[in-house]
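Enquirer: What follows is target_38.csv; its format and atoms are CSV, C-alpha atoms.
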```
chain,number,residue,atom,x,y,z
V,23,PRO,CA,0.0,0.0,0.0
V,24,GLY,CA,1.2,3.5,-0.8
V,25,LEU,CA,3.2,2.6,-3.8
V,26,CYS,CA,1.6,2.7,-7.2
V,27,PRO,CA,3.4,0.7,-9.9
V,28,GLY,CA,1.1,2.0,-12.7
V,29,PRO,CA,-2.2,3.5,-13.6
V,30,THR,CA,-4.1,0.2,-13.2
V,31,ASP,CA,-2.8,-0.1,-9.6
V,32,ILE,CA,-3.7,3.5,-8.5
V,33,GLN,CA,-6.4,2.1,-6.2
V,34,CYS,CA,-3.7,1.2,-3.8
V,35,CYS,CA,-3.0,4.9,-3.2
V,36,LEU,CA,-6.5,6.2,-2.9
V,37,PRO,CA,-8.6,6.1,0.3
V,38,GLY,CA,-11.1,3.4,0.7
V,39,THR,CA,-9.4,1.1,-1.8
V,40,ASP,CA,-6.8,-1.7,-1.9
V,41,ALA,CA,-4.6,-3.2,-4.5
V,42,GLY,CA,-6.4,-5.5,-6.8
V,43,PRO,CA,-8.9,-5.4,-9.7
V,44,ARG,CA,-11.4,-2.6,-10.1
V,45,PRO,CA,-14.4,-3.1,-7.8
V,46,ASP,CA,-16.7,-3.4,-10.9
V,47,GLY,CA,-14.4,-6.0,-12.5
V,48,GLY,CA,-13.7,-3.7,-15.4
V,49,GLY,CA,-10.4,-2.9,-17.1
V,50,ALA,CA,-7.9,-0.1,-16.3
V,51,ILE,CA,-8.7,2.6,-13.8
V,52,THR,CA,-9.9,5.8,-15.5
V,53,PRO,CA,-9.7,9.4,-14.5
V,54,ALA,CA,-13.4,9.2,-13.7
V,55,ASP,CA,-12.7,6.4,-11.3
V,56,VAL,CA,-10.1,8.4,-9.5
V,57,LEU,CA,-12.3,11.5,-9.3
V,58,ALA,CA,-15.1,9.4,-7.8
V,59,ARG,CA,-12.7,8.1,-5.1
V,60,LEU,CA,-11.7,11.6,-4.1
V,61,GLY,CA,-15.2,12.4,-3.0
V,62,VAL,CA,-16.1,15.8,-1.4
V,63,CYS,CA,-13.5,18.4,-1.1
V,64,THR,CA,-12.4,19.0,2.5
V,65,ARG,CA,-10.8,22.4,2.2
V,66,ILE,CA,-7.4,23.0,3.7
V,67,GLY,CA,-6.1,26.6,3.6
V,68,GLY,CA,-7.3,29.5,1.6
V,69,ASP,CA,-8.4,29.7,-2.1
V,70,TYR,CA,-6.1,30.4,-5.1
V,71,ALA,CA,-6.6,32.2,-8.4
V,72,LYS,CA,-5.8,30.6,-11.8
V,73,ASP,CA,-3.8,33.7,-12.9
V,74,VAL,CA,-2.2,36.7,-11.3
V,75,GLY,CA,-5.0,39.3,-10.6
V,76,GLY,CA,-7.7,36.6,-11.0
V,77,THR,CA,-10.5,35.7,-8.6
V,78,ALA,CA,-9.3,33.4,-5.7
V,79,ASN,CA,-11.9,30.6,-6.0
V,80,ILE,CA,-9.8,27.4,-6.3
V,81,PRO,CA,-9.7,25.4,-3.1
V,82,VAL,CA,-7.0,23.0,-2.1
V,83,CYS,CA,-8.6,19.8,-0.7
V,84,GLN,CA,-7.5,16.8,1.3
V,85,THR,CA,-8.8,13.3,1.3
V,86,ALA,CA,-6.9,10.8,3.5
V,87,ASN,CA,-3.4,10.6,2.0
V,88,VAL,CA,-4.1,12.8,-1.0
V,89,VAL,CA,-4.0,16.6,-1.4
V,90,TRP,CA,-5.7,17.8,-4.6
V,91,TRP,CA,-7.2,20.7,-6.6
V,92,THR,CA,-8.8,21.3,-9.9
V,93,ALA,CA,-7.6,24.3,-11.9
V,94,ASP,CA,-6.2,25.4,-15.2
V,95,PHE,CA,-2.8,24.3,-16.6
V,96,ASP,CA,-0.1,26.8,-17.3
V,97,VAL,CA,3.1,25.5,-18.9
V,98,ASP,CA,6.2,25.7,-16.8
V,99,CYS,CA,9.6,25.4,-18.7
V,100,ASP,CA,11.9,26.2,-15.7
V,101,GLY,CA,15.0,24.1,-15.8
V,102,GLY,CA,14.2,22.8,-19.3
V,103,ARG,CA,17.2,22.1,-21.4
V,104,GLY,CA,15.4,21.9,-24.8
V,105,ALA,CA,15.3,24.8,-27.2
V,106,ILE,CA,11.5,25.3,-26.8
V,107,CYS,CA,11.9,25.8,-23.0
V,108,MET,CA,15.0,28.0,-23.3
V,109,SER,CA,13.1,30.3,-25.7
V,110,ASP,CA,10.3,30.9,-23.1
V,111,PRO,CA,10.4,34.6,-22.0
V,112,ASP,CA,9.6,33.5,-18.4
V,113,TYR,CA,12.3,30.8,-18.4
V,114,LEU,CA,14.3,30.3,-15.2
V,115,PRO,CA,17.3,28.0,-15.1
V,116,ASP,CA,16.5,26.5,-11.7
V,117,THR,CA,13.7,24.4,-10.2
V,118,SER,CA,12.9,23.9,-6.5
V,119,ALA,CA,13.6,20.1,-6.8
V,120,VAL,CA,16.8,18.8,-8.2
V,121,ASP,CA,17.8,15.5,-9.8
V,122,SER,CA,20.1,12.9,-8.2
V,123,MET,CA,23.1,14.8,-9.5
V,124,GLY,CA,22.0,18.1,-7.9
V,125,ARG,CA,20.9,19.6,-11.3
V,126,PRO,CA,17.6,21.5,-11.9
V,127,LEU,CA,14.8,19.3,-13.2
V,128,ASP,CA,14.4,19.3,-17.0
V,129,ALA,CA,10.8,20.5,-17.7
V,130,SER,CA,11.2,19.5,-21.3
V,131,THR,CA,11.6,15.8,-20.5
V,132,LEU,CA,10.3,15.2,-16.9
V,133,PRO,CA,6.5,15.4,-16.1
V,134,PHE,CA,6.2,17.5,-12.9
V,135,ILE,CA,3.8,19.8,-11.2
V,136,VAL,CA,4.2,23.2,-9.6
V,137,ILE,CA,2.8,23.9,-6.1
V,138,PRO,CA,2.5,27.4,-4.8
V,139,LEU,CA,5.2,28.7,-2.4
V,140,ALA,CA,4.3,28.5,1.3
V,141,SER,CA,2.1,31.2,2.5
V,142,THR,CA,-0.7,31.8,5.1
V,143,ARG,CA,-3.0,30.4,2.5
V,144,PHE,CA,-1.4,26.9,2.3
V,145,ARG,CA,1.9,25.4,3.4
V,146,TYR,CA,2.5,22.1,1.5
V,147,ALA,CA,5.1,20.9,4.1
V,148,ASP,CA,2.4,21.0,6.8
V,149,HIS,CA,0.5,18.3,4.9
V,150,GLY,CA,3.4,15.8,4.4
V,151,ILE,CA,4.5,17.1,1.0
V,152,SER,CA,8.0,17.7,-0.1
V,153,ALA,CA,9.9,18.2,-3.3
V,154,GLY,CA,9.9,15.0,-5.3
V,155,GLN,CA,6.6,13.8,-3.9
V,156,VAL,CA,4.6,11.6,-6.3
V,157,ALA,CA,1.8,13.4,-8.1
V,158,LEU,CA,-0.9,12.3,-10.6
V,159,VAL,CA,-2.5,14.7,-13.0
V,160,LEU,CA,-5.9,14.0,-14.7
V,161,TYR,CA,-7.1,15.8,-17.8
V,162,GLY,CA,-9.9,14.5,-20.1
V,163,GLY,CA,-9.4,10.8,-20.5
V,164,ARG,CA,-5.7,10.9,-19.5
V,165,MET,CA,-3.8,10.3,-16.3
V,166,VAL,CA,0.0,11.0,-16.0
V,167,PHE,CA,2.2,10.3,-13.0
V,168,GLY,CA,4.9,12.8,-12.2
V,169,ILE,CA,6.4,14.6,-9.2
V,170,PHE,CA,6.2,17.9,-7.3
V,171,GLY,CA,9.1,19.5,-9.1
V,172,ASP,CA,8.9,23.3,-8.7
V,173,ALA,CA,7.3,25.9,-6.4
V,174,GLY,CA,5.6,28.9,-8.0
V,175,PRO,CA,3.9,32.1,-7.1
V,176,ALA,CA,2.2,32.0,-3.6
V,177,SER,CA,-1.2,33.3,-4.9
V,178,ILE,CA,-1.9,31.2,-8.0
V,179,ILE,CA,-2.3,27.5,-8.7
V,180,GLY,CA,-2.5,25.2,-11.8
V,181,GLU,CA,0.9,24.7,-13.5
V,182,GLY,CA,2.9,21.8,-14.8
V,183,SER,CA,6.0,21.1,-16.8
V,184,PHE,CA,6.2,21.2,-20.6
V,185,ALA,CA,6.7,17.4,-20.5
V,186,MET,CA,3.5,17.0,-18.4
V,187,ALA,CA,1.5,19.1,-20.8
V,188,GLU,CA,2.8,16.9,-23.7
V,189,ALA,CA,1.9,13.7,-21.9
V,190,LEU,CA,-1.6,15.0,-21.1
V,191,GLY,CA,-2.3,16.2,-24.7
V,192,ILE,CA,-2.4,19.8,-23.5
V,193,PRO,CA,-0.9,22.5,-25.9
V,194,SER,CA,2.6,22.7,-24.6
V,195,ASN,CA,4.0,26.0,-26.0
V,196,PRO,CA,5.2,27.8,-22.9
V,197,SER,CA,4.0,31.2,-24.2
V,198,THR,CA,0.6,30.2,-25.7
V,199,GLY,CA,-0.2,26.7,-24.5
V,200,GLY,CA,-2.1,25.3,-21.5
V,201,VAL,CA,-5.8,25.1,-20.9
V,202,ASP,CA,-8.2,27.2,-18.8
V,203,SER,CA,-9.9,24.6,-16.7
V,204,GLY,CA,-10.5,20.9,-16.1
V,205,VAL,CA,-7.2,19.7,-14.8
V,206,THR,CA,-7.0,17.9,-11.5
V,207,TYR,CA,-3.7,17.6,-9.6
V,208,LEU,CA,-3.2,15.0,-6.9
V,209,VAL,CA,-0.2,14.8,-4.6
V,210,PHE,CA,0.3,11.7,-2.4
V,211,THR,CA,1.3,12.8,1.1
V,212,GLY,CA,3.7,11.3,3.6
V,213,PRO,CA,7.0,9.5,3.2
V,214,GLY,CA,5.6,6.4,1.4
```
Now that the file is in, can you turn its structure into structure tokens?
Expert:
Amino acid sequence: PGLCPGPTDIQCCLPGTDAGPRPDGGGAITPADVLARLGVCTRIGGDYAKDVGGTANIPVCQTANVVWWTADFDVDCDGGRGAICMSDPDYLPDTSAVDSMGRPLDASTLPFIVIPLASTRFRYADHGISAGQVALVLYGGRMVFGIFGDAGPASIIGEGSFAMAEALGIPSNPSTGGVDSGVTYLVFTGPG
């Protein structure tokens, strides 16, 4: 329990489930199955905006060992070593998390999510989340595992790496890509 070898075994990470086949005997676990398991949002902290200057109406929720939110998807290219990322006008060479060699994560090849910097609104560390924590992102009919790889502005939420956008089928151009809504981010909490 607590380790998810792949999308068909995600039930081992979600509350009220255990490893094994889907309860209905069907095939692979779908994003709809995961969303149904999350249940009602138990809010933790204050609400976030999708973009700077926007309305703060996106709650961060917690269900057992999962912290989650549903928001937009802005493309983060920080740390990316590919030409597309390095051409981003908002490009930063560093990420909050680093790889095993101490280098910034490569947003152009590694699926990761961005969590807001700690504030009075929400402090991820207070909920058993640290850099490198396993994450799952749902969009449409797709689910992609990644990690918490970068921290972003303290007042907005809804951002992931170029590679995460590509894997989810979201337009990945760092200047013009992303989507306005419908993306659910899950972060599994605790050391497991």
Enquirer: My list of candidates is V:Ile80, V:Val156, V:Ile169, V:Cys99. Which is closest to Val120 (chain V) when distances are computed with all atoms listed in the file?
Expert: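 Smallest separation from Val120 (chain V) among the options: V:Ile169.
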Enquirer: Rounded to one decimal place, report the CA of Leu208 (chain V)-CA of Ser122 (chain V) distance in Å.
Expert: 23.4 Å
Enquirer: Do a neighbour search on Pro138 (chain V) at 10 Å with all atoms listed in the file, toss out local chain neighbours closer than 5 positions, and write the hits as a list of chain:residue names.
Expert: V:Tyr70, V:Arg143, V:Phe144, V:Arg145, V:Tyr146, V:Asp172, V:Ala173, V:Gly174, V:Pro175, V:Ala176, V:Ser177, V:Ile178, V:Ile179, V:Gly180, V:Glu181
Enquirer: With a distance cut-off of 9 Å and all atoms listed in the file, select the neighbouring residues of Leu190 (chain V), excluding the residue or stretch itself and same-chain residues fewer than 3 positions from it, and output the selection as an mmCIF file with C-alpha atoms, in the frame of the given file.
Expert:
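The result, written out as around.cif:
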```
data_model
loop_
_atom_site.group_PDB
_atom_site.id
_atom_site.type_symbol
_atom_site.label_atom_id
_atom_site.label_comp_id
_atom_site.auth_asym_id
_atom_site.auth_seq_id
_atom_site.Cartn_x
_atom_site.Cartn_y
_atom_site.Cartn_z
ATOM 1 C CA VAL V 159 -2.500 14.700 -13.000
ATOM 2 C CA LEU V 160 -5.900 14.000 -14.700
ATOM 3 C CA TYR V 161 -7.100 15.800 -17.800
ATOM 4 C CA GLY V 162 -9.900 14.500 -20.100
ATOM 5 C CA GLY V 163 -9.400 10.800 -20.500
ATOM 6 C CA ARG V 164 -5.700 10.900 -19.500
ATOM 7 C CA MET V 165 -3.800 10.300 -16.300
ATOM 8 C CA VAL V 166 0.000 11.000 -16.000
ATOM 9 C CA ALA V 185 6.700 17.400 -20.500
ATOM 10 C CA MET V 186 3.500 17.000 -18.400
ATOM 11 C CA ALA V 187 1.500 19.100 -20.800
ATOM 12 C CA PRO V 193 -0.900 22.500 -25.900
#
```
Enquirer: Can you work out the spacing between CA of Phe167 (chain V) and CA of Phe210 (chain V) in Å, to one decimal?
Expert: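 About the pair CA of Phe167 (chain V) and CA of Phe210 (chain V): they are 10.9 Å apart.
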Enquirer: Measuring atom to atom with all atoms listed in the file, identify which of V:Trp90, V:Pro196, V:Ala119, V:Gly168 is nearest to Gly104 (chain V).
Expert: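 Under the stated criterion, the closest residue is V:Pro196.
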Enquirer: Find the residue from V:Ala153, V:Ala140, V:Ala50, V:Cys63 that sits nearest to Val82 (chain V); use all atoms listed in the file when measuring.
Expert: V:Cys63
Enquirer: One decimal, in Å: what's the spacing between CA of Ile106 (chain V) and CA of Ala189 (chain V)?
Expert: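 CA of Ile106 (chain V) sits 15.8 Å away from CA of Ala189 (chain V).
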Enquirer: Find the residue from V:Gly150, V:Asp110, V:Ser118, V:Phe134 that sits nearest to Gly199 (chain V); use all atoms listed in the file when measuring.
Expert: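 When distances to Gly199 (chain V) are compared using all atoms listed in the file, the smallest one comes from V:Asp110.
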Enquirer: Given all atoms listed in the file as the basis, pick out the residue of V:Leu139, V:Ala129, V:Val201, V:Val74 nearest to Phe95 (chain V).
Expert: V:Val201
